[in-house]
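Undergrad: First, the structure itself, so that you have it in front of you.
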Amino acid sequence: MEIEDEMFYDDDGDMLNIIEYGFPRRVYQRTNYFDDMDELSFFRRFRLTKNTVLHLLPQIEEFLEFDNDLNNSISPINKLLATLKFYASSGHQVSIADFKGFHQSTASRVITQVSEAIAGLRPIYIKMPRDHEVIHTNQDFYRIARFPRVLGCIDGTHIKIQSPGGEDAEVYRNRKSVFSINTQVIGSSTLKVFDIVARWPGSTHDATIFNNSRIRARFEAGEFNNNVILGDSGYTLRPYCLTPLLNPISREESLYNEAHIRTQNTIERLFGVWKRRFPVLAYGLRCKVETTLTIITATAVLHNIALDMKEDVPPIPENINANELQNLIDLGEVPQLPQNVNHVGLYDYRRELIDNYFANL
């Protein structure tokens with residue numbers, strides 16, 4: 001009588017040596033990719049250099065270790081590499097399990113565990129500029145198109161998911177009829193993630209996400225003084241969130257729009273680099289919604305770490321078509337209906353900026 005393998009796997013995914021069934025213990029042979037691969041091959045497959053992996057591993061290692069080394073348990077470095085390989089893939093966990101030499105159910109647990117550990121680093125690596133950092137951030141944005149006092153650029157990008165099922169599944173379907181998570185990001189001129197909100201279903205408007213976000217409350221409380229963020233016409237004009245004019249007429253209005261669009265384009269570039277670095281974000285995540293949200297945050301953390309380590313964008317993996325990947329990245333950019341209106345009683349900083357700054361350029 002044949003008995004399914006899954007009956008004999010322990011919590012680490014390896015087959016138990018159960019004597020009464022007469023089965024020998026299964027020991028997986030796992031290749032040492034870290035030592036065996038050259039730097040370029042490693043970078044292409046795992047999306048981070050060996051140096052960055054060695055920088056990251058000590059920060060999460062304690063969350064990935066087992067109490068003992070029984071049953072051929074998976075080492076923290078192998079767990080991390082398996083997860084990075086998943087982020088670099090088109091989202092199939094079976095291929096990751098085969099690549100690293102363990103069962104698919106183990107791959108699923110490992111990816112969740114490592115993603116949670118990396119996402120836990122968010123307070124360290126994803127944060128708005130403060131104090132002296134604000135001046136440098138303003139200067140970096142000003143160099144792009146001479147737009148003053150910019151602290152960041154905001155937009156939403158859609159991360160494709162499988163249908164979550166249930167009565168509420170349709171709220172995850174976006175305006176391009178794709179199930180997704182609408183992820184709000186505020187980014188820097190150097191394409192770092194300053195702030196991320198990854199929890200809203202795809203049908204949610206960008207303005208709704210911002211209106212219910214903690215970052216809006218921080219701006220409303222005056223935490224960032226007279227600095228501003230730039231958003232597209234999907235956001236409502238506010239003193240601290242400037243949007244482009246829908247119908248510029250004068251020279252100064254056209255200058256304002258041109259500077260706004262060129263500066264705000266950095267957030268689109270951020271999304272492109274982020275998704276090319278971790279293609280699974282473009283291909284889509286076939287995980288539980290809770291795990292998907294964790295993975296989105298974890299990859300944002302890794303994106304910032306890569307920039308801190310001054311890494312280039314890695315080459316496209318050999319098994320992924322570059323044109324297909326770009327098309328999928330473009331699919332994640334879903335236009336929003338304009339919300340470009342003034343709130344009665346609010347000081348129109350945009351008008352003041354156009355009349356007293358851009359009119360003099």
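Labeling convention for the structure tokens: chains A, B, ... as they appear, residues from 1 per chain, ligands from 1 in order of appearance.
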Would you pick out the contacts of segment 131-138 of chain A at 7 Å or less, using only C-alpha atoms, so that residues sharing its chain but fewer than 3 positions from it are not included, and give the list as a list in words?

TA: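 Contacts, with the query itself left out: Phe141, Tyr142, Pro148, Arg149, Val150 and Leu151 of chain A.
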
Undergrad: Taking N, CA, C and O atoms for each residue, export the selection above as a tab-separated table (two decimals), in the first residue's frame.

TA:
chain	number	residue	atom	x	y	z
A	141	PHE	N	15.37	66.76	-4.71
A	141	PHE	CA	14.20	66.95	-5.57
A	141	PHE	C	14.31	68.24	-6.38
A	141	PHE	O	13.91	68.28	-7.55
A	142	TYR	N	14.86	69.30	-5.78
A	142	TYR	CA	14.97	70.58	-6.46
A	142	TYR	C	15.85	70.46	-7.71
A	142	TYR	O	15.58	71.11	-8.73
A	148	PRO	N	10.36	73.47	-5.36
A	148	PRO	CA	10.84	73.67	-3.98
A	148	PRO	C	10.07	72.88	-2.93
A	148	PRO	O	8.91	72.53	-3.12
A	149	ARG	N	10.77	72.61	-1.81
A	149	ARG	CA	10.17	72.08	-0.58
A	149	ARG	C	9.52	70.70	-0.73
A	149	ARG	O	8.62	70.35	0.01
A	150	VAL	N	9.99	69.93	-1.68
A	150	VAL	CA	9.40	68.61	-1.90
A	150	VAL	C	10.04	67.60	-0.94
A	150	VAL	O	11.26	67.46	-0.89
A	151	LEU	N	9.18	66.89	-0.21
A	151	LEU	CA	9.65	65.88	0.73
A	151	LEU	C	9.51	64.47	0.16
A	151	LEU	O	10.16	63.53	0.63

Undergrad: For Thr190 of chain A, list every protein, DNA or RNA residue within 10 Å, evaluated using only C-alpha atoms, and leave out those in the same chain fewer than 3 positions away; present the list as a list in words.

TA: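 Residues meeting the cut-off are Thr137, Asp140, Phe141, Gly187, Val193, Thr266, Ile267, Arg269, Leu270 and Leu307 of chain A.
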
Undergrad: Would you save the residues from that selection as a compact mmCIF listing (two decimals), in the first residue's frame, using N, CA and C atoms?

TA:
# COMPACT_ATOMS: atom_id res chain seq x y z
N THR A 137 16.88 66.09 1.23
CA THR A 137 15.79 65.59 0.39
C THR A 137 15.23 66.71 -0.48
N ASP A 140 17.71 67.42 -3.27
CA ASP A 140 17.73 66.37 -4.30
C ASP A 140 16.56 66.50 -5.25
N PHE A 141 15.37 66.76 -4.71
CA PHE A 141 14.20 66.95 -5.57
C PHE A 141 14.31 68.24 -6.38
N GLY A 187 7.87 58.06 -2.19
CA GLY A 187 9.23 57.74 -2.55
C GLY A 187 10.12 58.96 -2.62
N VAL A 193 11.92 53.97 -0.76
CA VAL A 193 10.57 53.98 -0.20
C VAL A 193 10.61 54.67 1.15
N THR A 266 9.49 60.43 -10.52
CA THR A 266 10.40 59.57 -9.75
C THR A 266 9.66 58.39 -9.11
N ILE A 267 8.39 58.60 -8.74
CA ILE A 267 7.66 57.51 -8.10
C ILE A 267 7.36 56.40 -9.11
N ARG A 269 9.32 55.66 -11.62
CA ARG A 269 10.61 54.98 -11.78
C ARG A 269 10.87 54.05 -10.61
N LEU A 270 10.49 54.49 -9.41
CA LEU A 270 10.65 53.64 -8.22
C LEU A 270 9.89 52.33 -8.41
N LEU A 307 19.48 49.80 -2.11
CA LEU A 307 19.89 51.16 -2.43
C LEU A 307 20.92 51.66 -1.42

Undergrad: Within 9 Å of Asn226 of chain A, counting only C-alpha atoms, which residues qualify if same-chain residues fewer than 4 places away don't, as a list in words?

TA: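 The residues satisfying every condition are Arg149, Gly222, Pro239 and Tyr240 of chain A.
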
Undergrad: Would you pick out the contacts of Asn257 of chain A at 10 Å or less, using only C-alpha atoms, so that residues sharing its chain but fewer than 5 positions from it are not included, and give the list as a list in words?

TA: Thr243, Pro244, Leu245, Leu246, Asn247, Pro248, Arg251, Glu252, Arg262, Thr263, Ile354 and Phe358 of chain A

Undergrad: Between atom CA of His55 of chain A and atom CA of Ala82 of chain A, measure the distance and give it in Å to one decimal.

TA: 16.9 Å

Undergrad: Smallest atom-to-atom distance to Ser203 of chain A: which of A:Arg173, A:Lys310, A:Arg216, A:Arg130, using only C-alpha atoms?

TA: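 When distances to Ser203 of chain A are compared using only C-alpha atoms, the smallest one comes from A:Arg173.
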
Undergrad: May I have all residues of segment 42-247 of chain A that DSSP, computed from the backbone, assigns to strand (DSSP E), given as an MDAnalysis selection string?

TA: chainID A and resid 150:160 180:187 193:201 228:230 241:242

Undergrad: What separation in Å, quoted to one decimal, exists between atom CA of Ser250 of chain A and atom CA of Ile144 of chain A?

TA: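 Atom CA of Ser250 of chain A sits 22.0 Å away from atom CA of Ile144 of chain A.
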
Undergrad: Find the nearest atom pair between each residue of segment 139-163 of chain A and segment 195-198 of chain A for residues within 10 Å, count only C-alpha atoms, give distances in Å to one decimal, sort rows by chain and ascending number, and present the table as a Markdown table.

TA:
| residue | atom | partner | partner_atom | distance |
| --- | --- | --- | --- | --- |
| A:Gly152 | CA | A:Asp195 | CA | 9.4 |
| A:Ile154 | CA | A:Asp195 | CA | 9.0 |
| A:Gly156 | CA | A:Val197 | CA | 9.1 |
| A:Thr157 | CA | A:Ala198 | CA | 9.8 |
| A:His158 | CA | A:Ala198 | CA | 9.7 |
| A:Ile159 | CA | A:Ala198 | CA | 9.4 |

Undergrad: Measure the distance from atom CA of Arg146 of chain A to atom CA of Cys241 of chain A in Å and round it to one decimal.

TA: 17.0 Å

Undergrad: Restricting the calculation to only C-alpha atoms, which member of A:Val53, A:Leu64, A:Ile77, A:Ile229 is positioned closest to Asn32 of chain A?

TA: A:Ile77

Undergrad: Of the residues A:Arg109, A:Arg276, A:His260, A:Arg350, which is the one nearest to Arg44 of chain A, using only C-alpha atoms?

TA: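 Closest to Arg44 of chain A, using only C-alpha atoms: A:Arg276.
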
Undergrad: Determine which residues of segment 169-299 of chain A receive a DSSP assignment of alpha helix (DSSP H), computed from the backbone, and state them as a PyMOL selection string.

TA: chain A and resi 206-211+214-220+251-277+280-283+289-299

Undergrad: Hey, which of A:Arg218, A:His205, A:Lys288, A:Arg47 ends up closest to Trp274 of chain A? Count only C-alpha atoms.

TA: A:Arg47

Undergrad: Please provide the set of residues having any atom within 9 Å of Val110 of chain A, restricted to only C-alpha atoms, with same-chain residues fewer than 5 positions apart removed, written as a compact mmCIF listing (two decimals) with C-alpha atoms, in the first residue's frame.

TA:
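Below is the file around_13.txt, written as the result:
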# COMPACT_ATOMS: atom_id res chain seq x y z
CA ASP A 12 10.62 21.63 8.77
CA LEU A 64 14.95 31.72 11.28
CA LYS A 79 15.76 29.89 4.02
CA LEU A 80 16.78 33.40 3.01
CA ALA A 82 14.88 30.29 -1.07
CA THR A 83 12.77 33.36 -0.30
CA SER A 105 4.80 22.82 1.77
CA SER A 115 9.09 37.50 4.74

Undergrad: I'd like the neighbourhood of Arg286 of chain A as a list of chain:residue names, where a residue qualifies if any of its atoms comes within 12 Å (using only C-alpha atoms), though same-chain residues fewer than 4 positions away should be ignored.

TA: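 That gives A:Phe86, A:Tyr87, A:Ser89, A:Ser90, A:Gly91, A:His92, A:Gln93, A:Val94, A:Ser108, A:Ile159, A:Lys160, A:Ile161, A:Gln162, A:Ser163, A:Pro164, A:Phe179, A:Ser180, A:Val280, A:Leu281, A:Ala282, A:Glu290, A:Thr291, A:Thr292, A:Leu293, A:Ile295.
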
Undergrad: May I ask which of the residues A:Phe210, A:Tyr172, A:Phe63, A:Phe46 is the closest one to Leu121 of chain A, counting only C-alpha atoms?

TA: A:Phe63

Undergrad: Using only C-alpha atoms, which residue out of A:Leu84, A:Gly231, A:Ile186, A:Glu167 lies closest to Phe278 of chain A?

TA: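 Distance minimum relative to Phe278 of chain A lands on A:Leu84.
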
Undergrad: Using only C-alpha atoms, determine which residues lie at most 10 Å from Phe66 of chain A, disregarding the query and same-chain residues fewer than 5 positions distant; provide the list as an MDAnalysis selection string.

TA: chainID A and resid 12 73:76

Undergrad: Taking N, CA, C and O atoms for each residue, export the selection above as a PDB file, in the first residue's frame.

TA:
ATOM      1  N   ASP A  12       9.597  21.041   9.632  1.00  0.00           N
ATOM      2  CA  ASP A  12      10.619  21.628   8.772  1.00  0.00           C
ATOM      3  C   ASP A  12      10.488  21.152   7.340  1.00  0.00           C
ATOM      4  O   ASP A  12      11.278  21.512   6.472  1.00  0.00           O
ATOM      5  N   SER A  73      17.463  19.956   9.249  1.00  0.00           N
ATOM      6  CA  SER A  73      16.730  21.223   9.253  1.00  0.00           C
ATOM      7  C   SER A  73      17.397  22.245   8.332  1.00  0.00           C
ATOM      8  O   SER A  73      18.594  22.216   8.097  1.00  0.00           O
ATOM      9  N   ILE A  74      16.579  23.148   7.813  1.00  0.00           N
ATOM     10  CA  ILE A  74      17.046  24.119   6.834  1.00  0.00           C
ATOM     11  C   ILE A  74      17.740  25.273   7.559  1.00  0.00           C
ATOM     12  O   ILE A  74      17.184  25.857   8.488  1.00  0.00           O
ATOM     13  N   SER A  75      18.918  25.608   7.123  1.00  0.00           N
ATOM     14  CA  SER A  75      19.690  26.675   7.756  1.00  0.00           C
ATOM     15  C   SER A  75      19.096  28.034   7.419  1.00  0.00           C
ATOM     16  O   SER A  75      18.405  28.205   6.396  1.00  0.00           O
ATOM     17  N   PRO A  76      19.353  29.046   8.254  1.00  0.00           N
ATOM     18  CA  PRO A  76      18.849  30.390   7.958  1.00  0.00           C
ATOM     19  C   PRO A  76      19.278  30.915   6.590  1.00  0.00           C
ATOM     20  O   PRO A  76      18.478  31.551   5.896  1.00  0.00           O
TER      21      PRO A  76
END
